[in-house]
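File shown: run.csv. Contents: CSV, C-alpha atoms and all ligand atoms.
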```csv
chain,number,residue,atom,x,y,z
A,120,MET,CA,130.5,99.9,120.8
A,121,LYS,CA,134.3,100.0,120.9
A,122,ARG,CA,135.8,96.8,119.5
A,123,SER,CA,139.2,95.4,120.6
A,124,SER,CA,141.8,96.2,118.1
A,125,THR,CA,142.8,93.2,115.9
A,126,LYS,CA,144.7,92.6,112.8
A,127,GLN,CA,142.8,92.2,109.6
A,128,ILE,CA,142.9,89.0,107.5
A,129,HIS,CA,140.9,88.0,104.5
A,130,VAL,CA,139.0,84.8,104.0
A,131,GLY,CA,138.5,85.0,100.2
A,132,ASP,CA,136.8,88.4,99.8
A,133,VAL,CA,135.5,88.6,103.3
A,134,ALA,CA,137.7,90.7,105.7
A,135,VAL,CA,137.9,89.5,109.3
A,136,GLY,CA,139.3,91.6,112.1
A,137,GLY,CA,140.4,95.2,112.1
A,138,ASP,CA,137.4,97.5,111.2
A,139,ALA,CA,135.7,94.8,109.2
A,140,PRO,CA,132.0,94.1,110.2
A,141,VAL,CA,131.6,91.0,112.4
A,142,SER,CA,130.9,88.1,110.0
A,143,VAL,CA,128.7,85.1,110.4
A,144,GLN,CA,129.9,81.6,109.8
A,145,SER,CA,128.2,78.2,109.6
A,146,MET,CA,129.1,74.7,108.6
A,147,THR,CA,127.6,72.2,106.2
A,148,THR,CA,126.3,68.8,107.4
A,149,THR,CA,126.3,67.0,104.1
A,150,LYS,CA,128.9,64.6,102.9
A,151,THR,CA,131.4,66.8,101.2
A,152,ALA,CA,131.9,64.3,98.4
A,153,ASP,CA,128.2,64.9,97.5
A,154,VAL,CA,129.0,68.1,95.7
A,155,ASP,CA,125.4,69.0,94.7
A,156,ALA,CA,123.9,68.5,98.1
A,157,THR,CA,126.8,70.4,99.8
A,158,LEU,CA,126.5,73.3,97.3
A,159,ALA,CA,122.7,73.4,97.9
A,160,GLN,CA,123.3,73.8,101.6
A,161,VAL,CA,126.0,76.4,101.1
A,162,TYR,CA,123.5,78.5,99.0
A,163,GLY,CA,120.9,78.0,101.8
A,164,LEU,CA,123.3,79.2,104.4
A,165,ARG,CA,124.2,82.2,102.3
A,166,GLY,CA,120.5,83.1,102.0
A,167,ALA,CA,120.1,82.8,105.8
A,168,GLY,CA,123.0,85.3,106.4
A,169,ALA,CA,126.3,83.3,106.4
A,170,ASP,CA,129.3,85.2,105.1
A,171,ILE,CA,131.7,82.3,105.3
A,172,VAL,CA,130.9,78.5,105.2
A,173,ARG,CA,133.1,75.7,106.7
A,174,ILE,CA,133.1,72.3,105.1
A,175,THR,CA,134.7,69.2,106.5
A,176,CYS,CA,137.6,67.8,104.6
A,177,ASN,CA,137.8,64.4,106.2
A,178,ASP,CA,139.0,62.1,103.4
A,179,VAL,CA,140.3,62.1,99.9
A,180,GLU,CA,136.8,62.2,98.4
A,181,ALA,CA,135.9,65.2,100.5
A,182,ALA,CA,139.0,67.0,99.2
A,183,GLN,CA,138.1,66.2,95.7
A,184,GLY,CA,134.6,67.4,96.3
A,185,LEU,CA,136.0,70.7,97.5
A,186,ALA,CA,137.8,71.2,94.2
A,187,GLU,CA,134.3,71.3,92.6
A,188,ILE,CA,132.5,73.1,95.4
A,189,VAL,CA,134.9,76.1,95.9
A,190,PRO,CA,134.6,77.6,92.4
A,191,ARG,CA,130.8,77.3,92.4
A,192,SER,CA,130.3,78.6,96.0
A,193,PRO,CA,128.7,82.1,96.6
A,194,VAL,CA,130.8,82.5,99.8
A,195,PRO,CA,134.4,81.8,100.8
A,196,ILE,CA,134.9,78.2,101.9
A,197,ILE,CA,137.0,77.0,104.8
A,198,ALA,CA,138.1,73.4,105.1
A,199,ASP,CA,137.8,71.8,108.5
A,200,ILE,CA,140.8,69.6,109.2
A,201,HIS,CA,141.3,67.1,112.0
A,202,PHE,CA,144.2,64.6,112.5
A,203,GLN,CA,145.6,64.4,108.9
A,204,TYR,CA,147.7,67.4,107.9
A,205,ARG,CA,147.9,66.0,104.4
A,206,LEU,CA,144.1,66.7,104.0
A,207,ALA,CA,144.9,70.4,104.7
A,208,LEU,CA,147.4,70.3,101.9
A,209,ALA,CA,144.8,68.6,99.6
A,210,ALA,CA,142.2,71.2,100.6
A,211,LEU,CA,144.6,74.0,99.7
A,212,GLU,CA,145.2,72.3,96.4
A,213,ALA,CA,141.4,72.3,95.9
A,214,GLY,CA,141.4,76.1,96.3
A,215,VAL,CA,139.8,76.7,99.7
A,216,ASP,CA,139.8,80.2,101.1
A,217,GLY,CA,140.7,79.2,104.6
A,218,LEU,CA,141.8,76.3,106.8
A,219,ARG,CA,140.7,75.4,110.3
A,220,LEU,CA,143.3,73.3,112.2
A,221,ASN,CA,142.6,71.7,115.6
A,222,PRO,CA,145.8,71.9,117.7
A,223,GLY,CA,144.5,69.1,119.8
A,224,ASN,CA,144.8,66.5,117.1
A,225,ILE,CA,147.4,67.8,114.6
A,226,ARG,CA,150.4,68.0,116.9
A,227,LYS,CA,153.6,67.4,115.0
A,228,PRO,CA,155.4,70.8,114.5
A,229,ALA,CA,156.8,69.6,111.1
A,230,HIS,CA,153.3,68.9,109.9
A,231,ILE,CA,151.9,72.3,111.1
A,232,LYS,CA,154.9,74.1,109.4
A,233,ALA,CA,154.3,72.2,106.1
A,234,VAL,CA,150.7,73.4,106.1
A,235,ALA,CA,151.7,76.9,107.0
A,236,ALA,CA,154.1,77.1,104.1
A,237,ALA,CA,151.6,75.8,101.6
A,238,ALA,CA,148.9,78.2,103.0
A,239,ALA,CA,151.3,81.2,102.9
A,240,ASP,CA,152.1,80.4,99.2
A,241,ARG,CA,148.4,80.7,98.4
A,242,GLY,CA,147.6,83.6,100.7
A,243,VAL,CA,145.1,81.5,102.7
A,244,PRO,CA,144.6,82.1,106.4
A,245,ILE,CA,144.5,79.5,109.1
A,246,ARG,CA,142.1,79.4,112.1
A,247,ILE,CA,143.6,77.8,115.2
A,248,GLY,CA,140.4,76.1,116.4
A,249,VAL,CA,140.9,75.0,120.0
A,250,ASN,CA,138.1,73.0,121.5
A,251,ALA,CA,137.6,72.1,125.1
A,252,GLY,CA,136.4,68.6,124.1
A,253,SER,CA,139.6,67.8,122.2
A,254,LEU,CA,142.3,69.6,124.1
A,255,ASP,CA,145.9,68.6,123.8
A,256,LYS,CA,146.5,65.7,126.2
A,257,ASP,CA,149.6,67.3,127.8
A,258,LEU,CA,147.6,70.4,128.7
A,259,LEU,CA,144.8,68.3,130.1
A,260,ASP,CA,147.4,66.5,132.3
A,261,LYS,CA,148.8,69.8,133.4
A,262,TYR,CA,145.5,71.5,134.3
A,263,GLY,CA,143.4,68.5,135.1
A,264,SER,CA,140.5,69.8,133.1
A,265,PRO,CA,139.9,72.1,130.1
A,266,VAL,CA,140.0,75.3,132.1
A,267,PRO,CA,140.1,78.6,130.2
A,268,GLN,CA,143.9,79.0,130.7
A,269,ALA,CA,144.5,75.5,129.2
A,270,LEU,CA,142.6,76.5,126.1
A,271,VAL,CA,144.5,79.7,125.8
A,272,ASP,CA,147.8,78.0,126.3
A,273,SER,CA,147.0,75.5,123.5
A,274,ALA,CA,146.1,78.4,121.2
A,275,LEU,CA,149.2,80.4,122.0
A,276,ALA,CA,151.5,77.4,121.5
A,277,GLU,CA,150.0,76.9,118.0
A,278,VAL,CA,150.4,80.6,117.3
A,279,ARG,CA,154.1,80.4,118.2
A,280,LEU,CA,154.5,77.4,115.9
A,281,LEU,CA,152.9,79.3,113.0
A,282,GLU,CA,154.7,82.5,113.7
A,283,ASP,CA,158.0,80.8,114.0
A,284,ALA,CA,157.3,79.5,110.5
A,285,GLY,CA,156.7,83.1,109.3
A,286,PHE,CA,153.0,82.6,109.1
A,287,THR,CA,150.8,85.4,110.6
A,288,ASP,CA,147.5,85.1,108.7
A,289,ILE,CA,145.8,83.7,111.8
A,290,LYS,CA,142.5,83.8,113.5
A,291,ILE,CA,141.7,81.9,116.7
A,292,SER,CA,138.9,80.2,118.5
A,293,VAL,CA,138.8,78.8,122.1
A,294,LYS,CA,135.4,77.2,122.2
A,295,HIS,CA,134.0,75.7,125.4
A,296,SER,CA,130.5,74.2,126.0
A,297,HIS,CA,130.3,75.8,129.4
A,298,VAL,CA,129.3,79.4,128.8
A,299,PRO,CA,131.2,81.2,131.7
A,300,SER,CA,134.4,79.2,130.7
A,301,MET,CA,134.0,80.1,127.1
A,302,VAL,CA,133.6,83.8,127.9
A,303,GLU,CA,136.6,83.7,130.2
A,304,SER,CA,138.8,81.9,127.6
A,305,TYR,CA,138.1,84.5,125.0
A,306,ARG,CA,138.7,87.4,127.5
A,307,LEU,CA,142.1,85.9,128.4
A,308,LEU,CA,142.9,85.3,124.7
A,309,SER,CA,141.9,88.8,123.7
A,310,ALA,CA,144.3,90.3,126.2
A,311,ALA,CA,147.1,88.1,124.9
A,312,VAL,CA,146.9,88.4,121.1
A,313,ASP,CA,145.8,90.8,118.4
A,314,HIS,CA,144.8,88.1,116.0
A,315,PRO,CA,141.1,88.2,115.0
A,316,LEU,CA,138.9,85.9,117.1
A,317,HIS,CA,136.2,83.5,116.0
A,318,LEU,CA,133.6,83.2,118.7
A,319,GLY,CA,131.4,80.2,119.5
A,320,VAL,CA,130.0,78.0,122.3
A,321,THR,CA,130.9,74.5,121.2
A,322,GLU,CA,128.4,71.7,121.2
A,323,ALA,CA,125.6,74.1,122.3
A,324,GLY,CA,123.0,71.5,121.5
A,325,PRO,CA,119.5,71.9,120.0
A,326,PRO,CA,117.4,75.0,120.3
A,327,PRO,CA,116.1,76.6,122.4
A,328,ALA,CA,118.7,75.8,125.0
A,329,GLY,CA,121.5,75.8,122.4
A,330,LEU,CA,120.4,79.2,121.2
A,331,MET,CA,120.4,80.6,124.7
A,332,LYS,CA,123.9,79.2,125.4
A,333,SER,CA,125.3,80.6,122.2
A,334,VAL,CA,123.6,84.0,122.6
A,335,ALA,CA,124.8,84.2,126.2
A,336,GLY,CA,128.4,83.6,125.3
A,337,ILE,CA,128.7,85.3,122.0
A,338,ALA,CA,126.7,88.4,122.9
A,339,THR,CA,128.5,88.9,126.2
A,340,LEU,CA,131.8,89.0,124.3
A,341,LEU,CA,130.6,91.1,121.4
A,342,LEU,CA,129.2,93.7,123.8
A,343,GLU,CA,132.7,93.9,125.4
A,344,GLY,CA,134.1,94.5,122.0
A,345,ILE,CA,135.7,91.1,121.7
A,346,GLY,CA,135.1,89.0,118.5
A,347,ASP,CA,135.5,89.4,114.8
A,348,THR,CA,133.5,86.5,113.4
A,349,ILE,CA,130.9,84.2,115.0
A,350,ARG,CA,129.3,80.8,114.7
A,351,PHE,CA,126.3,79.3,116.5
A,352,SER,CA,127.1,75.5,116.9
A,353,LEU,CA,123.5,74.2,117.1
A,354,THR,CA,122.2,70.7,116.8
A,355,ALA,CA,119.8,71.7,114.1
A,356,ASP,CA,119.6,72.5,110.4
A,357,PRO,CA,122.6,74.8,109.9
A,358,VAL,CA,120.4,77.3,108.2
A,359,GLU,CA,119.1,78.0,111.8
A,360,GLU,CA,122.7,78.7,112.8
A,361,ALA,CA,123.3,81.2,110.1
A,362,GLU,CA,120.0,82.9,110.7
A,363,ALA,CA,120.6,83.0,114.5
A,364,GLY,CA,124.0,84.6,113.9
A,365,ARG,CA,122.7,87.2,111.5
A,366,ARG,CA,119.8,88.1,113.8
A,367,LEU,CA,122.1,88.4,116.8
A,368,LEU,CA,124.3,90.8,115.0
A,369,GLU,CA,121.3,92.8,113.8
A,370,GLN,CA,119.9,93.0,117.4
A,371,LEU,CA,123.3,94.2,118.7
A,372,GLY,CA,123.5,96.9,116.0
A,373,LEU,CA,126.5,95.2,114.4
A,374,ARG,CA,124.7,94.5,111.1
A,375,GLU,CA,122.1,96.4,109.2
A,376,ARG,CA,118.7,94.9,109.6
A,377,THR,CA,117.5,93.5,106.3
A,378,THR,CA,114.4,91.8,107.6
A,379,LEU,CA,111.3,92.4,109.7
A,380,ASP,CA,111.7,93.1,113.4
A,381,LEU,CA,108.4,92.3,115.1
A,382,ILE,CA,108.1,93.5,118.6
A,383,ALA,CA,105.1,92.6,120.7
A,384,CYS,CA,104.1,93.2,124.3
A,385,PRO,CA,104.1,90.1,126.5
A,386,SER,CA,100.4,90.7,127.1
A,387,CYS,CA,98.8,91.1,130.6
A,388,GLY,CA,95.4,91.2,132.2
A,389,ARG,CA,94.8,94.5,130.4
A,390,ALA,CA,95.1,93.0,126.9
A,391,GLU,CA,92.1,93.5,124.7
A,392,VAL,CA,93.0,90.8,122.2
A,393,ASP,CA,94.9,87.5,122.1
A,394,VAL,CA,98.3,89.1,121.6
A,395,VAL,CA,100.0,85.8,120.9
A,396,ALA,CA,97.6,84.9,118.1
A,397,VAL,CA,97.7,88.4,116.5
A,398,ALA,CA,101.5,88.7,116.8
A,399,THR,CA,102.0,85.2,115.2
A,400,ALA,CA,99.6,86.0,112.4
A,401,ALA,CA,101.2,89.4,111.8
A,402,GLN,CA,104.7,87.8,111.8
A,403,GLU,CA,103.6,85.2,109.2
A,404,ALA,CA,102.0,87.8,107.0
A,405,LEU,CA,104.7,90.4,107.2
A,406,GLU,CA,107.8,88.1,107.0
A,407,SER,CA,106.9,87.0,103.5
A,408,GLU,CA,106.9,90.7,102.4
A,409,GLY,CA,110.7,90.9,103.3
A,410,LEU,CA,110.3,94.5,104.5
A,411,PRO,CA,113.1,95.7,106.8
A,412,ILE,CA,110.8,97.6,109.2
A,413,GLN,CA,110.0,97.4,112.9
A,414,VAL,CA,106.4,96.4,113.6
A,415,ALA,CA,104.7,96.4,117.0
A,416,VAL,CA,101.7,94.4,118.1
A,417,MET,CA,100.4,95.7,121.4
A,418,GLY,CA,97.6,94.2,123.5
A,419,CYS,CA,95.9,97.5,124.5
A,420,VAL,CA,95.6,101.0,123.3
A,421,VAL,CA,96.2,102.3,126.9
A,422,ASN,CA,99.9,101.7,126.8
A,423,GLY,CA,100.6,100.3,123.3
A,424,PRO,CA,101.2,103.3,121.0
A,425,GLY,CA,103.3,105.1,123.6
A,426,GLU,CA,105.4,102.2,124.6
A,427,ALA,CA,106.0,101.2,121.0
A,428,ARG,CA,106.5,104.7,119.7
A,429,GLU,CA,110.0,103.8,118.3
A,430,ALA,CA,108.5,101.2,116.0
A,431,ASP,CA,107.9,102.2,112.4
A,432,ILE,CA,104.4,100.9,112.6
A,433,GLY,CA,102.2,99.1,115.0
A,434,ILE,CA,98.7,98.1,116.1
A,435,ALA,CA,97.1,98.2,119.5
A,436,ALA,CA,93.8,96.7,120.5
A,437,GLY,CA,90.9,98.2,122.4
A,438,LYS,CA,87.1,97.7,122.6
A,439,GLY,CA,86.8,95.5,119.6
A,440,ARG,CA,89.0,97.7,117.4
A,441,GLY,CA,92.6,97.9,116.2
A,442,HIS,CA,94.4,101.2,116.4
A,443,LEU,CA,97.0,101.4,113.7
A,444,PHE,CA,99.9,103.7,114.6
A,445,ILE,CA,103.0,105.1,112.9
A,446,LYS,CA,105.9,106.3,115.1
A,447,GLY,CA,103.4,106.3,118.0
A,448,GLN,CA,100.7,108.4,116.3
A,449,VAL,CA,97.4,106.6,115.6
A,450,VAL,CA,96.6,107.0,112.0
A,451,ARG,CA,93.7,104.6,111.4
A,452,VAL,CA,91.1,102.6,113.5
A,453,VAL,CA,89.9,99.3,112.1
A,454,PRO,CA,87.6,96.5,113.3
A,455,GLU,CA,89.6,94.0,115.5
A,456,ALA,CA,89.1,91.2,112.9
A,457,GLU,CA,91.0,93.3,110.3
A,458,MET,CA,94.0,94.1,112.5
A,459,VAL,CA,96.5,91.9,110.7
A,460,GLU,CA,95.2,92.8,107.2
A,461,ALA,CA,95.4,96.5,108.0
A,462,LEU,CA,98.9,96.2,109.4
A,463,LEU,CA,100.1,94.4,106.3
A,464,ASP,CA,98.4,97.0,104.0
A,465,GLU,CA,99.9,100.0,106.0
A,466,ALA,CA,103.4,98.3,106.1
A,467,ARG,CA,103.4,98.0,102.3
A,468,ARG,CA,102.3,101.7,101.9
A,469,LEU,CA,104.9,102.8,104.5
A,470,ALA,CA,107.6,101.0,102.6
A,471,ASP,CA,106.5,102.6,99.3
A,472,GLU,CA,105.6,106.1,100.4
A,473,GLY,CA,107.7,106.8,103.6
A,474,VAL,CA,106.7,107.9,107.1
A,475,GLU,CA,106.0,111.5,106.4
A,476,ALA,CA,103.6,110.7,103.5
A,477,ARG,CA,101.7,108.1,105.6
A,478,LEU,CA,101.4,110.4,108.6
A,479,ALA,CA,100.1,113.1,106.3
A,480,ALA,CA,97.5,110.6,105.0
A,481,ALA,CA,96.3,109.8,108.6
A,482,ASP,CA,92.6,109.7,109.4
A,483,GLY,CA,92.0,113.0,111.2
A,484,VAL,CA,89.9,111.5,114.0
A,485,ALA,CA,91.9,108.3,114.6
A,486,ASP,CA,94.2,109.7,117.3
A,487,GLU,CA,91.3,111.3,119.1
A,488,LEU,CA,89.3,108.0,118.9
A,489,ALA,CA,92.2,106.1,120.3
A,490,ARG,CA,92.5,108.6,123.2
A,491,GLU,CA,88.8,108.2,124.0
A,492,THR,CA,89.1,104.4,124.0
A,493,ALA,CA,92.2,104.5,126.2
A,494,ALA,CA,90.4,106.9,128.6
A,495,GLU,CA,87.3,104.5,128.7
A,496,LEU,CA,89.5,101.5,129.4
A,497,LEU,CA,91.4,103.4,132.1
A,498,ALA,CA,88.1,104.4,133.7
A,499,ALA,CA,86.9,100.8,133.6
A,500,GLN,CA,90.2,99.2,134.7
A,501,GLY,CA,92.1,101.9,136.6
A,502,ASP,CA,95.5,103.3,135.7
A,503,ILE,CA,98.0,100.6,136.5
A,504,ASN,CA,100.8,103.0,135.9
A,505,HIS,CA,100.0,106.1,137.8
A,506,SER,CA,96.9,105.7,139.9
A,507,ALA,CA,95.9,109.1,141.3
A,508,GLU,CA,95.2,107.6,144.6
A,509,ALA,CA,98.6,106.0,144.9
A,510,ARG,CA,100.3,109.3,143.9
A,511,SER,CA,98.4,111.1,146.6
A,512,ARG,CA,99.5,108.5,149.2
A,513,VAL,CA,103.2,108.9,148.1
A,514,ARG,CA,102.9,112.7,148.4
A,515,GLU,CA,101.5,112.4,151.9
A,516,VAL,CA,104.4,110.2,153.0
A,517,ILE,CA,106.9,112.7,151.6
A,518,GLU,CA,105.2,115.7,153.0
A,519,GLY,CA,104.6,114.0,156.4
A,520,GLU,CA,100.9,114.7,156.4
B,601,LIG,FE1,99.4,94.8,129.0
B,601,LIG,FE2,98.7,96.7,127.3
B,601,LIG,FE3,101.3,96.6,128.1
B,601,LIG,FE4,100.3,94.7,126.4
B,601,LIG,S1,100.5,96.9,126.0
B,601,LIG,S2,101.5,94.3,128.3
B,601,LIG,S3,98.2,94.5,127.1
B,601,LIG,S4,99.5,97.0,129.4
```

As structure tokens, please, write out the structure in this file.
Ligand code: SF4
Amino acid sequence: MKRSSTKQIHVGDVAVGGDAPVSVQSMTTTKTADVDATLAQVYGLRGAGADIVRITCNDVEAAQGLAEIVPRSPVPIIADIHFQYRLALAALEAGVDGLRLNPGNIRKPAHIKAVAAAAADRGVPIRIGVNAGSLDKDLLDKYGSPVPQALVDSALAEVRLLEDAGFTDIKISVKHSHVPSMVESYRLLSAAVDHPLHLGVTEAGPPPAGLMKSVAGIATLLLEGIGDTIRFSLTADPVEEAEAGRRLLEQLGLRERTTLDLIACPSCGRAEVDVVAVATAAQEALESEGLPIQVAVMGCVVNGPGEAREADIGIAAGKGRGHLFIKGQVVRVVPEAEMVEALLDEARRLADEGVEARLAAADGVADELARETAAELLAAQGDINHSAEARSRVREVIEGE
């Protein structure tokens, strides 16, 4: 997809904007002064897919904690600053790789300029983090509520202050908890600036609703080419945020998949097996293998291999058997009770030997057996897709007979 053209900045060694890959951010929930607990969480977030981690710098002890955390962190650290500009100066002294300032609560131009000067000296970027819930009071009075244009005005005023101070190493967020307002805010902002944008739906809440809100807002914008770095703001273990961000980018083709992608049919009256149980068991068994392959679990052999032919490997049920297929070709037939085990075994072999080798090793009669089973099931249940009778009725209508 074509992405909006933005300037590139660097948060530590992570490029944001320009042609850099979209990065994933998350935020720790520990007390920053508790260095070991915070670092443990940073490592956990890194493992789940976070490229950058934000940590609150809300008091002197937190700033001191950052001085110990930053040199030991596996990812760049951004200090989250509210109200007290001196804590931004302290965080810079602690060596952070980025700052997040909230224009709604650090309002004195002299303070913002002091922070900009110190950040410029160290080559550290600043995110202007506008939030609908803490919008500048003057703008709230002007607009009556945190409408998208009010969020954008707040961001642009802060951009002007920083740029007037000669500071341009900026990225911006205009987060709203109402998804359509969030999307509109970023669209307006993207049309107005070429600074990289940090996307997020603020205060999205716990999963699953929080996940849906975040995906709805962030994915909509990413598919329009808007956004350079993302954060899911979930009321959950932050590891879930990082993992959700990474998975979203993988699904949108914006990040190479490094983990299992299990697809499964939703099941229907034609299913020959408990698809939910088999898919869940397969997911548990395969996830621990850490193989970056796409695996399909399909409820019936009538439609399964064909519908999931893009999957690297899959299994489809039928008449007490599992039909193991690779790229849509059935290579082995196993008893139904051994479906998950056979899938796991073949996935390992596929990862070791490759598709061609495994297709060459296919059981010669498996494909034929699968066709026979599919034909028997069709004969017993009828072809839900293309019933011969229905086709003939359609032809009659067209030909006027
Ligand atoms: Fe139904 Fe078979 Fe399709 Fe699954 S693969 S939804 S069981 S028709």

### Message
I want to know what sits within 8 Å of stretch 293-303 of chain A, based on only C-alpha atoms, with residues of the same chain fewer than 6 positions away left out; could you give that as a list in words?
### Response
Gly248, Val249, Asn250, Ala251, Gly252, Val266, Pro267, Leu270, Val271, Ala274, Leu318, Gly319, Val320, Thr321, Glu322, Ala323, Lys332, Ser333, Ala335, Gly336, Ile337, Thr339 and Leu340 of chain A

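Atom CA of A:Tyr305 lies 17.0 Å from atom CA of A:Ser253.
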
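For stretch 204-218 of chain A, the non-local neighbours within 6 Å, defined as residues at least 4 positions apart in the same chain or in other chains and counting only C-alpha atoms, are Val130, Gly131, Ala182, Leu185, Ala186, Pro195, Ile196, Ile197, Ala198, Val243, Pro244 and Ile245 of chain A.
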
#### Entry: Test item: residues lying within 7 Å of ligand LIG 601 (chain B) with all atoms listed in the file, as a ChimeraX atom specification
/A:384-391,417-423

### Message
Quick one: residues within 12 Å of stretch 471-479 of chain A, all atoms listed in the file, excluding same-chain residues fewer than 5 positions away - as a PyMOL selection string?
### Response
chain A and resi 410+412+430-432+443-451+464-466+485-486

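For the set A:Gln268, A:Thr125, A:Val133, A:Leu330, the residue with the smallest atom-to-atom gap to A:Glu359 is A:Leu330, counting only C-alpha atoms.
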
#### Entry: Radius query 7 Å about (89.2, 93.6, 117.1), atoms used: only C-alpha atoms, as a ChimeraX atom specification
/A:392,436,439-441,454-456,458
